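Enquirer: Following this message is one structure expressed as structure tokens.
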Amino acid sequence: MTALLEVEDLRVAYGKIEAVKGISFKVNAGEVVTLIGTNGAGKTTTLRTLSGLLQPLSGDIRFDGKSLKKIPAHKVVSLGLAHSPEGRHIFPRMTIEDNLRLGAFLRTDKEGIEKDIQRAYDLFPILGERRKQAAGTLSGGEQQMLAMGRALMSRPKLLMLDEPSMGLSPIMMQKIMSTIQELKSQGTTILLIEQNAQAALSLADHGHVMEVGKIVLSGSGQDLLHDESVRKAYLGED
Amino acid sequence: MNELPQQLANGLILGAMYGLIAIGYTMVYGIVQLINFAHGEIFMVGGFGALTVWLVLPEGFGLAAAVPLMIIGGILVSVAVATAAERFAYRPLRTAPRLAPLITAIGLSIVLQQAVWMWYPDAKKDQPFPQFEGGPIDVLGANIQRGDLFVLIAAPLCMLALGLFVTKTRSGRGMQATAQDPDTAKLMGINTDRIIVMAFAIGAAFAAIAAVAYGLKNGQVGFRMGFLMGLKAFTAAVLGGIGNIYGAMLGGVVLGVAESLATGYIGDLPGMELFGGGAWKDVWAFALLILVLLFRPQGLLGERVADRA
């Protein structure tokens, strides 16, 4: 079978500094794939390039049979690639409901949109309770829920989550992770970036370890979870 | 002459004009963080666009019937110039340091003034603008010239339309999103380039309507008219909280009324005889700006937000 997303020898630079130095990986439909690694490994840069916010130096990105290389950022989402960015980036001065509506900006099926807004409220009841509130008033965890709900509003074929658990309390982190698990069991394809390697690898089908712009280790989630070098470097064991 | 209702009415008329122009500064700043110093000239060319329509209309065409056509003509010219400026002058500099587009804006402002001066027939001196006939109308104790009624009706209608557009339409929500977080707006599928053009166009259209009001009030338009009006409108935008559309109109009205009251009354205060009269009105306007910036730097309706890193 052909992969939903295929990244081939991708290189990305900020000026002269190369942040991603030739990485290749695949995401098959229905899978959860995770990229783990320390700060500065190039994970966020990779996602931002996939969604068109950054231009690659070279290499190719094929999504659902099409090359994404020349496609501007605002058209990527219409192909079925949704991106929940690092730091959540909800629109702080708009209501929760308007934030969700913006996630469906390119959709024209009004009824479907209303239904999906309801679905987001079912997934995260707290959002439903505060639908008319400015999104900037939410707590970090609630903002993360909103960012995920908003990304889902485009009905993506692939959902990219950048550090969904960053800066959250352990309880909130657990809630977010169990939501990702739930989305996975519903068949959502997810590309997940996480600093919480334990949690990410536990629910991922495949994982890739990035270090200074390169993938240094790949394997199934379980294999990486039990890999000695991964345990030492990312899971805090000696 | 120094009656309060009259002074308030004068201030309101002037302020509504400032407010309409200020919308253009505030919308463009809200979305691309650019002070479009050529906006005063966008206002000015709108005045000439409206005048041109009047001049090509057949003799005997009534002014009341002509005004809608003049508005359309003015809007067309202003929007064309503003969107061309965005496309060819500002867009190439979008990622340049902020000083570059700012200086470009000042340069563009001079270019536009000189272009009208050189190429518009006889524009080296002020051109007469048609006037409504008939005496002033008494409204709540103030004498209001017929031509001035235009802006008092147009400004609230424009604000209502803009408010509805921004909050109720899909493009309006896209505009809010782009103002708050342009990169994330792109991730939602919003074509931010188009939103930016839209912001320039709406600002230009409002400026053109203000230019028609200016012509009807002053009985003339001239290539220099954008300078001081632009500066005052920019002051109004800052006063109201730059980036906030309601703030722009509020700032305009506050500025206009303050200017009018100061002109009317400061000379009557004991020991202040020297400062009375219209010659000082710009001093009071900018003094007010300084005061507001000292005590409320974010403006009347502005939010205190940290500068984006």
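Residues in the structure tokens are numbered from 1 in each chain, the chains being A, B, ... in the order shown, and ligands are numbered from 1 in the order shown.
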Can you tell me, as a ChimeraX atom specification, which residues in region 72-282 of chain B count as strand (DSSP E or B) by DSSP?
Expert: /B:127-128,137-139,142-144,220-221
Enquirer: Store the residues picked out above in a file with N, CA and C atoms, as a PDB file, in the first residue's frame.
Expert:
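Written file, again.pdb:
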```pdb
ATOM      1  N   GLN B 127      -9.277  72.953  -6.249  1.00  0.00           N
ATOM      2  CA  GLN B 127     -10.377  72.858  -7.204  1.00  0.00           C
ATOM      3  C   GLN B 127     -11.715  72.978  -6.493  1.00  0.00           C
ATOM      4  N   PRO B 128     -12.631  73.769  -7.063  1.00  0.00           N
ATOM      5  CA  PRO B 128     -13.935  73.900  -6.403  1.00  0.00           C
ATOM      6  C   PRO B 128     -14.710  72.583  -6.424  1.00  0.00           C
ATOM      7  N   ILE B 137     -29.379  73.987   8.590  1.00  0.00           N
ATOM      8  CA  ILE B 137     -30.545  73.391   9.228  1.00  0.00           C
ATOM      9  C   ILE B 137     -30.317  73.402  10.726  1.00  0.00           C
ATOM     10  N   ASP B 138     -31.372  73.709  11.471  1.00  0.00           N
ATOM     11  CA  ASP B 138     -31.223  73.754  12.920  1.00  0.00           C
ATOM     12  C   ASP B 138     -31.466  72.367  13.515  1.00  0.00           C
ATOM     13  N   VAL B 139     -30.450  71.833  14.173  1.00  0.00           N
ATOM     14  CA  VAL B 139     -30.605  70.546  14.852  1.00  0.00           C
ATOM     15  C   VAL B 139     -30.205  70.742  16.311  1.00  0.00           C
ATOM     16  N   ALA B 142     -28.065  73.680  17.061  1.00  0.00           N
ATOM     17  CA  ALA B 142     -26.847  73.902  16.287  1.00  0.00           C
ATOM     18  C   ALA B 142     -27.221  74.095  14.821  1.00  0.00           C
ATOM     19  N   ASN B 143     -26.533  75.027  14.173  1.00  0.00           N
ATOM     20  CA  ASN B 143     -26.747  75.220  12.741  1.00  0.00           C
ATOM     21  C   ASN B 143     -25.834  74.283  11.975  1.00  0.00           C
ATOM     22  N   ILE B 144     -26.455  73.396  11.212  1.00  0.00           N
ATOM     23  CA  ILE B 144     -25.643  72.440  10.472  1.00  0.00           C
ATOM     24  C   ILE B 144     -25.821  72.687   8.984  1.00  0.00           C
ATOM     25  N   GLN B 220     -13.988  72.681  -1.621  1.00  0.00           N
ATOM     26  CA  GLN B 220     -12.842  72.525  -2.517  1.00  0.00           C
ATOM     27  C   GLN B 220     -12.042  71.288  -2.135  1.00  0.00           C
ATOM     28  N   VAL B 221     -11.292  70.771  -3.119  1.00  0.00           N
ATOM     29  CA  VAL B 221     -10.315  69.717  -2.850  1.00  0.00           C
ATOM     30  C   VAL B 221      -8.991  70.185  -3.443  1.00  0.00           C
TER      31      VAL B 221
END
```
Enquirer: Quick one: residues within 8 Å of region 46-51 of chain A, only C-alpha atoms, excluding same-chain residues fewer than 3 positions away - as a list in words?
Expert: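 Surrounding residues, per the criterion: Val12, Val20, Gly42, Lys43, Leu54, Gln55, Pro56, Ile61, Leu68, Ala73, Val76, Val77, Leu81, Ala82, His83, Met160 and Asp162 of chain A; Leu187 of chain B.
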Enquirer: For Leu216 (chain B), which residue among B:Gly141, B:Gly147, B:Gly276, B:Pro5 is the nearest when counting only C-alpha atoms?
Expert: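 Of the candidates, the smallest distance to Leu216 (chain B) is held by B:Gly147.
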Enquirer: Go through chain A residue by residue and, counting only C-alpha atoms, keep those with an atom at most 12 Å from chain B; for each kept residue give the shortest atom pair and its distance in Å to one decimal, ordered by chain and increasing number, as JSON lines.
Expert:
```
{"residue": "A:Leu47", "atom": "CA", "partner": "B:Leu187", "partner_atom": "CA", "distance": 11.5}
{"residue": "A:Arg48", "atom": "CA", "partner": "B:Leu187", "partner_atom": "CA", "distance": 9.6}
{"residue": "A:Thr49", "atom": "CA", "partner": "B:Leu187", "partner_atom": "CA", "distance": 11.6}
{"residue": "A:Leu50", "atom": "CA", "partner": "B:Leu187", "partner_atom": "CA", "distance": 10.9}
{"residue": "A:Ser51", "atom": "CA", "partner": "B:Leu187", "partner_atom": "CA", "distance": 7.2}
{"residue": "A:Gly52", "atom": "CA", "partner": "B:Leu187", "partner_atom": "CA", "distance": 8.6}
{"residue": "A:Leu53", "atom": "CA", "partner": "B:Asp183", "partner_atom": "CA", "distance": 7.2}
{"residue": "A:Leu54", "atom": "CA", "partner": "B:Asp183", "partner_atom": "CA", "distance": 10.4}
{"residue": "A:Ile71", "atom": "CA", "partner": "B:Gly189", "partner_atom": "CA", "distance": 11.8}
{"residue": "A:Pro72", "atom": "CA", "partner": "B:Lys186", "partner_atom": "CA", "distance": 8.8}
{"residue": "A:Ala73", "atom": "CA", "partner": "B:Lys186", "partner_atom": "CA", "distance": 5.8}
{"residue": "A:His74", "atom": "CA", "partner": "B:Gly189", "partner_atom": "CA", "distance": 4.0}
{"residue": "A:Lys75", "atom": "CA", "partner": "B:Gly189", "partner_atom": "CA", "distance": 5.8}
{"residue": "A:Val76", "atom": "CA", "partner": "B:Gly189", "partner_atom": "CA", "distance": 7.3}
{"residue": "A:Val77", "atom": "CA", "partner": "B:Gly189", "partner_atom": "CA", "distance": 5.7}
{"residue": "A:Ser78", "atom": "CA", "partner": "B:Gly189", "partner_atom": "CA", "distance": 6.9}
{"residue": "A:Leu79", "atom": "CA", "partner": "B:Gly189", "partner_atom": "CA", "distance": 10.1}
{"residue": "A:Gly80", "atom": "CA", "partner": "B:Gly189", "partner_atom": "CA", "distance": 10.7}
{"residue": "A:Leu81", "atom": "CA", "partner": "B:Leu187", "partner_atom": "CA", "distance": 9.2}
{"residue": "A:Ala82", "atom": "CA", "partner": "B:Leu187", "partner_atom": "CA", "distance": 7.2}
{"residue": "A:His83", "atom": "CA", "partner": "B:Leu187", "partner_atom": "CA", "distance": 6.6}
{"residue": "A:Ser84", "atom": "CA", "partner": "B:Leu187", "partner_atom": "CA", "distance": 8.4}
{"residue": "A:Pro85", "atom": "CA", "partner": "B:Thr184", "partner_atom": "CA", "distance": 7.7}
{"residue": "A:Glu86", "atom": "CA", "partner": "B:Thr184", "partner_atom": "CA", "distance": 10.5}
{"residue": "A:Gly87", "atom": "CA", "partner": "B:Thr184", "partner_atom": "CA", "distance": 10.9}
{"residue": "A:Arg88", "atom": "CA", "partner": "B:Thr184", "partner_atom": "CA", "distance": 9.4}
{"residue": "A:His89", "atom": "CA", "partner": "B:Thr184", "partner_atom": "CA", "distance": 6.7}
{"residue": "A:Ile90", "atom": "CA", "partner": "B:Thr184", "partner_atom": "CA", "distance": 8.0}
{"residue": "A:Phe91", "atom": "CA", "partner": "B:Gln180", "partner_atom": "CA", "distance": 6.2}
{"residue": "A:Pro92", "atom": "CA", "partner": "B:Gln180", "partner_atom": "CA", "distance": 7.5}
{"residue": "A:Arg93", "atom": "CA", "partner": "B:Gln180", "partner_atom": "CA", "distance": 7.7}
{"residue": "A:Met94", "atom": "CA", "partner": "B:Gln176", "partner_atom": "CA", "distance": 8.1}
{"residue": "A:Thr95", "atom": "CA", "partner": "B:Arg173", "partner_atom": "CA", "distance": 10.9}
{"residue": "A:Glu97", "atom": "CA", "partner": "B:Arg173", "partner_atom": "CA", "distance": 11.6}
{"residue": "A:Asp98", "atom": "CA", "partner": "B:Arg173", "partner_atom": "CA", "distance": 7.9}
{"residue": "A:Asn99", "atom": "CA", "partner": "B:Ala177", "partner_atom": "CA", "distance": 8.6}
{"residue": "A:Leu100", "atom": "CA", "partner": "B:Met188", "partner_atom": "CA", "distance": 10.0}
{"residue": "A:Arg101", "atom": "CA", "partner": "B:Arg173", "partner_atom": "CA", "distance": 9.0}
{"residue": "A:Leu102", "atom": "CA", "partner": "B:Met188", "partner_atom": "CA", "distance": 6.2}
{"residue": "A:Gly103", "atom": "CA", "partner": "B:Met188", "partner_atom": "CA", "distance": 5.4}
{"residue": "A:Ala104", "atom": "CA", "partner": "B:Met188", "partner_atom": "CA", "distance": 7.3}
{"residue": "A:Phe105", "atom": "CA", "partner": "B:Met188", "partner_atom": "CA", "distance": 6.3}
{"residue": "A:Leu106", "atom": "CA", "partner": "B:Gly189", "partner_atom": "CA", "distance": 6.3}
{"residue": "A:Arg107", "atom": "CA", "partner": "B:Gly189", "partner_atom": "CA", "distance": 9.8}
{"residue": "A:Thr108", "atom": "CA", "partner": "B:Arg170", "partner_atom": "CA", "distance": 10.6}
{"residue": "A:Ala135", "atom": "CA", "partner": "B:Gln180", "partner_atom": "CA", "distance": 11.9}
{"residue": "A:Gly136", "atom": "CA", "partner": "B:Gln180", "partner_atom": "CA", "distance": 11.2}
{"residue": "A:Ala147", "atom": "CA", "partner": "B:Thr184", "partner_atom": "CA", "distance": 10.4}
{"residue": "A:Arg150", "atom": "CA", "partner": "B:Met188", "partner_atom": "CA", "distance": 8.7}
{"residue": "A:Ala151", "atom": "CA", "partner": "B:Met188", "partner_atom": "CA", "distance": 8.0}
{"residue": "A:Leu152", "atom": "CA", "partner": "B:Met188", "partner_atom": "CA", "distance": 10.7}
{"residue": "A:Met153", "atom": "CA", "partner": "B:Met188", "partner_atom": "CA", "distance": 9.5}
{"residue": "A:Ser154", "atom": "CA", "partner": "B:Met188", "partner_atom": "CA", "distance": 8.1}
{"residue": "A:Arg155", "atom": "CA", "partner": "B:Met188", "partner_atom": "CA", "distance": 11.8}
{"residue": "A:Pro156", "atom": "CA", "partner": "B:Met188", "partner_atom": "CA", "distance": 11.4}
{"residue": "A:Leu159", "atom": "CA", "partner": "B:Leu187", "partner_atom": "CA", "distance": 12.0}
{"residue": "A:Met160", "atom": "CA", "partner": "B:Leu187", "partner_atom": "CA", "distance": 11.2}
```
Enquirer: CA of Ile103 (chain B) and CA of Ala248 (chain B) are how many Å apart?
Expert: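 Going from CA of Ile103 (chain B) over to CA of Ala248 (chain B), I get 23.2 Å.
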Enquirer: Using the chain letters and numbers from this document, which residues of region 62-214 of chain A does DSSP assign to alpha helix (DSSP H), as JSON, numbers by chain?
Expert: {"A": [73, 74, 75, 76, 96, 97, 98, 99, 100, 101, 102, 103, 110, 111, 112, 113, 114, 115, 116, 117, 118, 119, 120, 121, 122, 123, 125, 126, 127, 128, 129, 140, 141, 142, 143, 144, 145, 146, 147, 148, 149, 150, 151, 152, 170, 171, 172, 173, 174, 175, 176, 177, 178, 179, 180, 181, 182, 183, 184, 185, 197, 198, 199, 200, 201, 202, 203]}
Enquirer: Suppose you want the space between CA of Lys232 (chain B) and CA of Leu255 (chain B); what is it in Å?
Expert: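 So the answer is 8.2 Å.
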Enquirer: Using only C-alpha atoms, which protein or nucleic acid residues come within 7 Å of Gly24 (chain B)? Drop anything in the same chain fewer than 4 positions from it, and give the result as a list in words.
Expert: Val28, Phe200, Gly203 and Ala204 of chain B
Enquirer: Quote the spacing between CA of Val33 (chain A) and CA of Arg62 (chain A) in Å to one decimal place.
Expert: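 These atoms are spaced 16.0 Å apart.
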Enquirer: Identify, on the basis of only C-alpha atoms, every residue whose closest approach to Ala237 (chain B) does not exceed 9 Å; exclude the query and any residue fewer than 6 positions from it along the same chain; express the result as a ChimeraX atom specification.
Expert: /B:18-19,21-26,243-245,247-252,299
Enquirer: For Gly240 (chain B), which residue among B:Pro270, B:Met17, B:Phe88, B:Gln298 is the nearest when counting only C-alpha atoms?
Expert: B:Gln298
Enquirer: Env of Gln7 (chain B): 6 Å cut, atoms = only C-alpha atoms, seq-sep filter 2 positions within chain, self excluded. Answer as a PDB file with C-alpha atoms, in the first residue's frame.
Expert:
```pdb
ATOM      1  CA  LEU B   4     -21.974  74.665  23.194  1.00  0.00           C
ATOM      2  CA  PRO B   5     -24.327  72.792  20.823  1.00  0.00           C
ATOM      3  CA  ALA B   9     -21.781  69.756  16.236  1.00  0.00           C
ATOM      4  CA  ASN B  10     -18.717  71.224  14.530  1.00  0.00           C
ATOM      5  CA  SER B 260     -13.608  72.308  18.399  1.00  0.00           C
ATOM      6  CA  LEU B 261     -14.179  72.964  22.103  1.00  0.00           C
TER       7      LEU B 261
END
```
Enquirer: Report as a ChimeraX atom specification all protein, DNA and RNA residues lying within 10 Å of Phe124 (chain A), evaluated on only C-alpha atoms, omitting residues in the same chain fewer than 4 positions from it.
Expert: /A:118-120,128-129,142,145-146,148-149,175-176,179
Enquirer: Can you build me a table of region 29-148 of chain A residues sitting at most 9 Å from region 186-202 of chain A, with the closest atom pair per residue and its distance in Å to one decimal, using only C-alpha atoms, sorted by chain and residue number, as CSV?
Expert:
```
residue,atom,partner,partner_atom,distance
A:Ala29,CA,A:Thr189,CA,5.7
A:Gly30,CA,A:Thr189,CA,4.5
A:Glu31,CA,A:Thr189,CA,5.1
A:Val32,CA,A:Ile190,CA,4.7
A:Val33,CA,A:Leu191,CA,5.0
A:Thr34,CA,A:Leu192,CA,4.5
A:Leu35,CA,A:Ile193,CA,5.0
A:Ile36,CA,A:Glu194,CA,5.7
A:Gly37,CA,A:Gln195,CA,6.7
A:Thr38,CA,A:Gln195,CA,7.0
A:Asn39,CA,A:Gln195,CA,8.3
A:Lys43,CA,A:Ile193,CA,6.8
A:Thr44,CA,A:Ile193,CA,7.7
A:Leu47,CA,A:Ile193,CA,8.7
```
Enquirer: Would you output that residue set with C-alpha atoms, as a PDB file, in the first residue's frame?
Expert:
```pdb
ATOM      1  CA  ALA A  29      -3.476   5.761   6.854  1.00  0.00           C
ATOM      2  CA  GLY A  30      -4.834   4.863  10.283  1.00  0.00           C
ATOM      3  CA  GLU A  31      -1.453   4.967  11.983  1.00  0.00           C
ATOM      4  CA  VAL A  32      -0.085   7.123  14.746  1.00  0.00           C
ATOM      5  CA  VAL A  33       3.511   8.078  14.042  1.00  0.00           C
ATOM      6  CA  THR A  34       5.564  10.066  16.494  1.00  0.00           C
ATOM      7  CA  LEU A  35       8.716  12.133  16.199  1.00  0.00           C
ATOM      8  CA  ILE A  36      10.567  12.435  19.470  1.00  0.00           C
ATOM      9  CA  GLY A  37      13.765  14.215  20.348  1.00  0.00           C
ATOM     10  CA  THR A  38      15.130  17.120  22.337  1.00  0.00           C
ATOM     11  CA  ASN A  39      14.518  20.810  21.715  1.00  0.00           C
ATOM     12  CA  LYS A  43      10.697  18.365  14.850  1.00  0.00           C
ATOM     13  CA  THR A  44       8.664  21.579  14.771  1.00  0.00           C
ATOM     14  CA  LEU A  47       5.851  20.023  10.752  1.00  0.00           C
TER      15      LEU A  47
END
```
Enquirer: Set the distance at 10 Å and use only C-alpha atoms: which residues neighbour Val283 (chain B) once local chain neighbours fewer than 4 positions away are removed? I'd like the list as a list of chain:residue names.
Expert: B:Glu259, B:Ala262, B:Thr263, B:Phe275, B:Gly278, B:Ala279, B:Ala287, B:Leu288, B:Leu289
